[in-house]
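Structure data follow from target.cif (mmCIF, C-alpha atoms):
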```
data_model
loop_
_atom_site.label_atom_id
_atom_site.label_comp_id
_atom_site.auth_asym_id
_atom_site.auth_seq_id
_atom_site.Cartn_x
_atom_site.Cartn_y
_atom_site.Cartn_z
CA MET A 160 0.00 0.00 0.00
CA ILE A 161 2.80 2.43 0.87
CA ARG A 162 4.51 1.69 -2.47
CA PHE A 163 1.19 2.43 -4.22
CA PHE A 164 0.90 5.79 -2.41
CA GLU A 165 4.44 6.70 -3.42
CA SER A 166 3.86 5.58 -7.03
CA ILE A 167 0.93 7.98 -7.43
CA GLY A 168 2.76 10.92 -5.88
CA ILE A 169 1.70 10.85 -2.23
CA SER A 170 4.72 11.52 -0.06
CA THR A 171 5.02 9.04 2.82
CA GLN A 172 7.44 8.46 5.68
CA ALA A 173 7.60 5.76 8.34
CA GLN A 174 7.68 7.42 11.74
CA PRO A 175 7.41 5.37 14.92
CA GLY A 176 4.96 7.07 17.27
CA ALA A 177 3.18 9.00 14.51
CA ASN A 178 -0.10 10.09 15.99
CA GLY A 179 -2.54 12.61 14.60
CA PHE A 180 -6.32 12.67 14.33
CA ILE A 181 -6.05 8.90 13.93
CA PRO A 182 -3.63 6.75 15.96
CA GLY A 183 -0.59 5.73 13.96
CA VAL A 184 -1.11 8.27 11.17
CA LEU A 185 -0.21 11.94 10.93
CA ILE A 186 -0.33 14.32 7.98
CA GLN A 187 2.41 16.92 8.19
CA ASN A 188 3.05 19.49 5.44
CA GLY A 189 1.48 17.24 2.82
CA THR A 190 3.37 14.09 3.85
CA LEU A 191 1.70 11.00 5.27
CA LEU A 192 3.64 9.93 8.38
CA TYR A 193 2.76 6.48 9.64
CA ASP A 194 3.52 3.87 12.29
CA LEU A 195 2.66 0.44 10.91
CA GLU A 196 2.65 -1.00 14.44
CA VAL A 197 -0.40 1.15 15.24
CA ALA A 198 -2.14 2.27 12.02
CA SER A 199 -4.87 0.18 10.41
CA LEU A 200 -5.18 -0.36 6.65
CA ALA A 201 -8.46 1.56 6.67
CA ASP A 202 -6.94 4.54 8.46
CA LEU A 203 -3.91 4.67 6.15
CA LEU A 204 -6.18 4.56 3.09
CA HIS A 205 -8.46 7.28 4.40
CA GLU A 206 -5.71 9.67 5.42
CA ALA A 207 -3.85 9.14 2.13
CA ALA A 208 -7.15 9.91 0.42
CA HIS A 209 -7.20 13.39 1.93
CA LEU A 210 -3.87 14.10 0.28
CA ALA A 211 -4.88 12.49 -3.02
CA ILE A 212 -8.03 14.56 -3.44
CA THR A 213 -6.27 17.83 -2.55
CA PRO A 214 -5.04 19.74 -5.61
CA MET A 215 -1.24 19.52 -5.78
CA GLU A 216 -0.71 23.26 -5.33
CA TYR A 217 -2.35 23.08 -1.88
CA ARG A 218 -1.15 19.70 -0.64
CA HIS A 219 1.83 21.15 1.28
CA LEU A 220 -0.67 23.09 3.43
CA MET A 221 -2.26 19.91 4.78
CA SER A 222 -1.18 19.15 8.34
CA LYS A 223 -2.61 17.48 11.44
CA GLY A 224 -6.39 18.03 11.45
CA LEU A 225 -6.31 19.50 7.90
CA MET A 226 -8.56 22.45 8.79
CA SER A 227 -6.00 25.21 8.24
CA GLY A 228 -5.05 23.76 4.84
CA LEU A 229 -8.69 23.38 3.83
CA ARG A 230 -9.43 26.93 4.97
CA ALA A 231 -6.51 28.31 2.93
CA MET A 232 -7.62 26.35 -0.10
CA PHE A 233 -11.21 27.60 0.13
CA ASP A 234 -10.07 31.18 0.82
CA SER A 235 -8.12 31.09 -2.44
CA LEU A 236 -11.33 30.64 -4.45
CA GLU A 237 -12.34 34.25 -3.83
CA ARG A 238 -8.89 35.79 -3.24
CA ASP A 239 -7.51 34.45 -6.53
CA ASN A 240 -10.75 34.92 -8.51
CA ILE A 241 -10.89 31.26 -9.42
CA GLU A 242 -13.65 30.70 -11.97
CA PRO A 243 -16.48 28.65 -10.36
CA ASP A 244 -16.57 26.15 -13.24
CA SER A 245 -12.80 25.75 -13.50
CA PRO A 246 -11.25 22.33 -12.85
CA LEU A 247 -9.38 23.81 -9.87
CA SER A 248 -12.57 25.17 -8.32
CA LYS A 249 -14.33 21.84 -8.83
CA ALA A 250 -11.40 19.99 -7.25
CA ILE A 251 -11.36 22.32 -4.24
CA MET A 252 -15.10 21.96 -3.74
CA GLN A 253 -14.78 18.17 -3.66
CA CYS A 254 -12.25 17.82 -0.81
CA SER A 255 -14.47 16.58 1.99
CA GLU A 256 -14.73 13.47 4.11
CA THR A 257 -17.13 11.80 1.69
CA GLU A 258 -14.74 12.09 -1.25
CA ALA A 259 -11.86 10.83 0.92
CA THR A 260 -13.97 7.84 1.95
CA ALA A 261 -14.93 7.06 -1.66
CA TRP A 262 -11.28 7.39 -2.76
CA ALA A 263 -10.11 5.10 0.06
CA TYR A 264 -12.64 2.46 -1.01
CA ALA A 265 -11.56 2.65 -4.68
CA ALA A 266 -7.87 2.46 -3.73
CA GLY A 267 -8.51 -0.48 -1.42
CA ILE A 268 -10.39 -2.36 -4.13
CA HIS A 269 -7.58 -1.55 -6.60
CA LEU A 270 -5.06 -3.00 -4.12
CA GLY A 271 -7.12 -6.17 -3.58
CA ILE A 272 -8.05 -5.40 0.02
CA LYS A 273 -11.25 -6.93 1.35
CA PRO A 274 -14.04 -4.32 1.56
CA CYS A 275 -14.58 -4.98 5.28
CA ASP A 276 -10.91 -4.07 5.85
CA ILE A 277 -11.29 -0.84 3.89
CA ILE A 278 -14.37 0.42 5.74
CA ASP A 279 -14.75 -1.02 9.23
CA ALA A 280 -18.38 -1.53 10.28
CA LYS A 281 -17.73 0.25 13.60
CA SER A 282 -16.05 3.27 12.02
CA TYR A 283 -17.72 6.53 11.08
CA ASP A 284 -19.58 6.74 14.38
CA GLY A 285 -20.96 3.24 13.89
CA THR A 286 -22.24 3.83 10.34
CA GLY A 287 -19.37 2.07 8.58
CA HIS A 288 -21.56 -0.87 7.54
CA ASP A 289 -24.07 1.48 5.86
CA ILE A 290 -21.31 3.46 4.15
CA LEU A 291 -19.71 0.27 2.86
CA LYS A 292 -23.04 -0.92 1.41
CA ALA A 293 -23.61 2.47 -0.24
CA LEU A 294 -20.12 2.36 -1.78
CA GLN A 295 -20.67 -1.17 -3.06
CA MET A 296 -23.95 -0.08 -4.66
CA ASN A 297 -22.38 3.09 -6.14
CA ALA A 298 -24.87 5.09 -4.11
CA TYR A 299 -22.49 7.03 -1.85
CA VAL A 300 -22.37 10.82 -2.21
CA GLY A 301 -18.55 10.93 -2.22
CA ILE A 302 -18.52 9.07 -5.54
CA ASN A 303 -20.39 12.00 -7.12
CA GLY A 304 -17.83 14.37 -5.65
CA LEU A 305 -14.94 12.41 -7.17
CA HIS A 306 -16.81 12.38 -10.50
CA HIS A 307 -17.31 16.18 -10.46
CA ALA A 308 -13.66 16.65 -9.49
CA GLY A 309 -12.65 14.68 -12.60
CA MET A 310 -11.16 11.74 -10.73
CA CYS A 311 -13.61 9.03 -11.80
CA VAL A 312 -16.73 8.45 -13.85
CA ASN A 313 -19.90 7.63 -11.94
CA GLY A 314 -22.33 5.21 -13.53
CA LYS A 315 -22.08 2.55 -16.19
CA GLY A 316 -23.94 4.61 -18.79
CA MET A 317 -21.69 7.66 -18.42
CA ALA A 318 -18.60 5.44 -18.40
CA ALA A 319 -19.76 3.73 -21.62
CA LEU A 320 -20.25 7.14 -23.26
CA ARG A 321 -16.73 8.13 -22.27
CA GLY A 322 -15.21 4.78 -23.22
CA THR A 323 -13.94 3.95 -19.75
CA GLU A 324 -14.80 1.94 -16.66
CA PRO A 325 -17.07 3.33 -13.93
CA TYR A 326 -16.17 3.88 -10.28
CA PRO A 327 -14.43 2.25 -8.41
CA HIS A 328 -12.08 2.53 -11.41
CA MET A 329 -10.31 5.88 -11.16
CA GLN A 330 -9.40 8.14 -14.08
CA ARG A 331 -6.63 9.61 -11.94
CA TRP A 332 -5.52 8.81 -8.41
CA VAL A 333 -4.44 12.31 -7.41
CA GLN A 334 -5.36 15.85 -8.26
CA PRO A 335 -2.45 17.10 -10.37
CA ALA A 336 -0.74 20.45 -10.42
CA GLY A 337 -1.90 22.89 -13.08
CA LEU A 338 -5.66 22.58 -12.68
CA SER A 339 -5.87 26.39 -12.62
CA LYS A 340 -4.50 26.48 -16.16
CA LEU A 341 -7.18 24.20 -17.62
CA SER A 342 -10.22 25.75 -19.26
CA PRO A 343 -13.59 25.25 -17.58
CA TYR A 344 -15.19 24.84 -21.01
#
```
Take the structure in the file and give it back as structure tokens.
Amino acid sequence: MIRFFESIGISTQAQPGANGFIPGVLIQNGTLLYDLEVASLADLLHEAAHLAITPMEYRHLMSKGLMSGLRAMFDSLERDNIEPDSPLSKAIMQCSETEATAWAYAAGIHLGIKPCDIIDAKSYDGTGHDILKALQMNAYVGINGLHHAGMCVNGKGMAALRGTEPYPHMQRWVQPAGLSKLSPY
């Protein structure tokens, strides 16, 4: 899993005692620090997902609870006059917990991890079982967010029109640099 994260551009570093919002995992300046003695597969996937769905130009701002990085990213929408329909704006607007959860599920499936090890039934305040079922049925709101952010295609019909596979297949695993330079039209 760590090799996969590195291969798609997520910076990682083993760090005994890493401890952030989730035991065994800490995000610091856009790098995923982890302690494999403590961290679960599900937690590693989910925290890596936060970095993956963050546009590259903002990833270095992500640390600890992520709020200051998210705030800076959202503040840039108005400060930098980012066009509402631009790919960068769409990517910023789709950086929430639901998109991270949907990304983690897709990455876990890609890596051959059992679904129950990707989303623990007791996680998410006890709603993990329901979230897992929604993901398996392609009925989870985070999938739509990933679709609108350009990371996947939601639905078999739309995927057929675009000549690709639907979610959980991903069109791209991370939000690249340069989204601000792409035309919204």
Fill in: Among the residues A:Thr260, A:Asn240, A:Asn313, A:Ser227, the one that comes closest to Ser282 (chain A) [using only C-alpha atoms]
A:Thr260
Worksheet, complete the sentence: Expressed in Å, the length from CA of Glu256 (chain A) to CA of Gly337 (chain A) is 23.4 Å
Item to complete: Would you list the contacts of Met221 (chain A) as a PyMOL selection string, taking every protein, DNA or RNA residue within 12 Å and counting all atoms listed in the file, but skipping same-chain residues closer than 4 positions in sequence?
Response: chain A and resi 170+185-191+206-217+225-232+254
Fill in: Separation of CA of Glu242 (chain A) from CA of Pro327 (chain A) in Å
28.7 Å
Worksheet item: Quick one: distance from CA of Glu258 (chain A) to CA of Gly309 (chain A) in Å, one decimal?
Response: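 Going from CA of Glu258 (chain A) over to CA of Gly309 (chain A), I get 11.8 Å.
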Worksheet item: Can you list, as a list in words, the residues that the PyMOL selection byres ((chain A and resi 182) around 12) selects here?
Response: Pro175, Gly176, Ala177, Asn178, Gly179, Phe180, Ile181, Gly183, Val184, Leu185, Ile186, Leu192, Tyr193, Asp194, Leu195, Glu196, Val197, Ala198, Ser199, Leu200, Ala201, Asp202, Leu203, Glu206 and Lys223 of chain A
Fill in: Nearest to Met160 (chain A), chosen from A:Gly271, A:Gly301, A:Gly316, A:Gly285, with only C-alpha atoms counted in the distances
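Between A:Gly271, A:Gly301, A:Gly316, A:Gly285, the residue approaching Met160 (chain A) most closely is A:Gly271.
Neighbouring residues of region 275-280 of chain A at 8 Å or closer, counting only C-alpha atoms and skipping chain neighbours under 2 positions away, are A:Leu200, A:Ala201, A:Leu204, A:Ala263, A:Tyr264, A:Gly267, A:Ile272, A:Lys273, A:Ser282, A:Gly285, A:Thr286, A:Gly287, A:His288, A:Asp289, A:Ile290, A:Leu291.
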Selection to disk with C-alpha atoms, as a compact mmCIF listing (two decimals), keeping the file's coordinate frame:
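As a result, result_27.txt now contains:
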```
# COMPACT_ATOMS: atom_id res chain seq x y z
CA LEU A 200 -5.18 -0.36 6.65
CA ALA A 201 -8.46 1.56 6.67
CA LEU A 204 -6.18 4.56 3.09
CA ALA A 263 -10.11 5.10 0.06
CA TYR A 264 -12.64 2.46 -1.01
CA GLY A 267 -8.51 -0.48 -1.42
CA ILE A 272 -8.05 -5.40 0.02
CA LYS A 273 -11.25 -6.93 1.35
CA SER A 282 -16.05 3.27 12.02
CA GLY A 285 -20.96 3.24 13.89
CA THR A 286 -22.24 3.83 10.34
CA GLY A 287 -19.37 2.07 8.58
CA HIS A 288 -21.56 -0.87 7.54
CA ASP A 289 -24.07 1.48 5.86
CA ILE A 290 -21.31 3.46 4.15
CA LEU A 291 -19.71 0.27 2.86
```
Worksheet item: Nearest to Met310 (chain A): which of A:Val333, A:Met252, A:Ala266, A:Leu220 is it, counting all atoms listed in the file?
Response: A:Val333
Discussion item. So that I can see what lies close to His306 (chain A), please list as a list in words the residues with an atom at most 10 Å from it, counting all atoms listed in the file and leaving out residues fewer than 2 positions away in the same chain.
Written reply: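 My list of contacting residues is Lys249, Ala250, Gln253, Glu258, Gly301, Ile302, Asn303, Gly304, Ala308, Gly309, Met310, Cys311, Val312, Asn313, Gly314, Pro325, Tyr326, Met329 and Gln330 of chain A.
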Worksheet entry | Nearest candidate to Trp262 (chain A) (options A:Leu320, A:Ile169, A:Leu305, A:His219; using only C-alpha atoms) |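 The shortest atom-to-atom distance to Trp262 (chain A) comes from A:Leu305.
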Show me, as JSON, the centre and edge lengths in Å to one decimal of the axis-aligned box that covers every listed atom of region 236-254 of chain A with 3 Å on each side.
```
{"center_x": -12.0, "center_y": 26.8, "center_z": -7.2, "size_x": 15.1, "size_y": 24.0, "size_z": 18.7}
```
Practice prompt. For each of A:Ala173, A:Asp284, A:His307, A:Asn297, take the minimum atom-to-atom distance to Asp244 (chain A), counting all atoms listed in the file, then give the residue where this is smallest.
Written response: A:His307
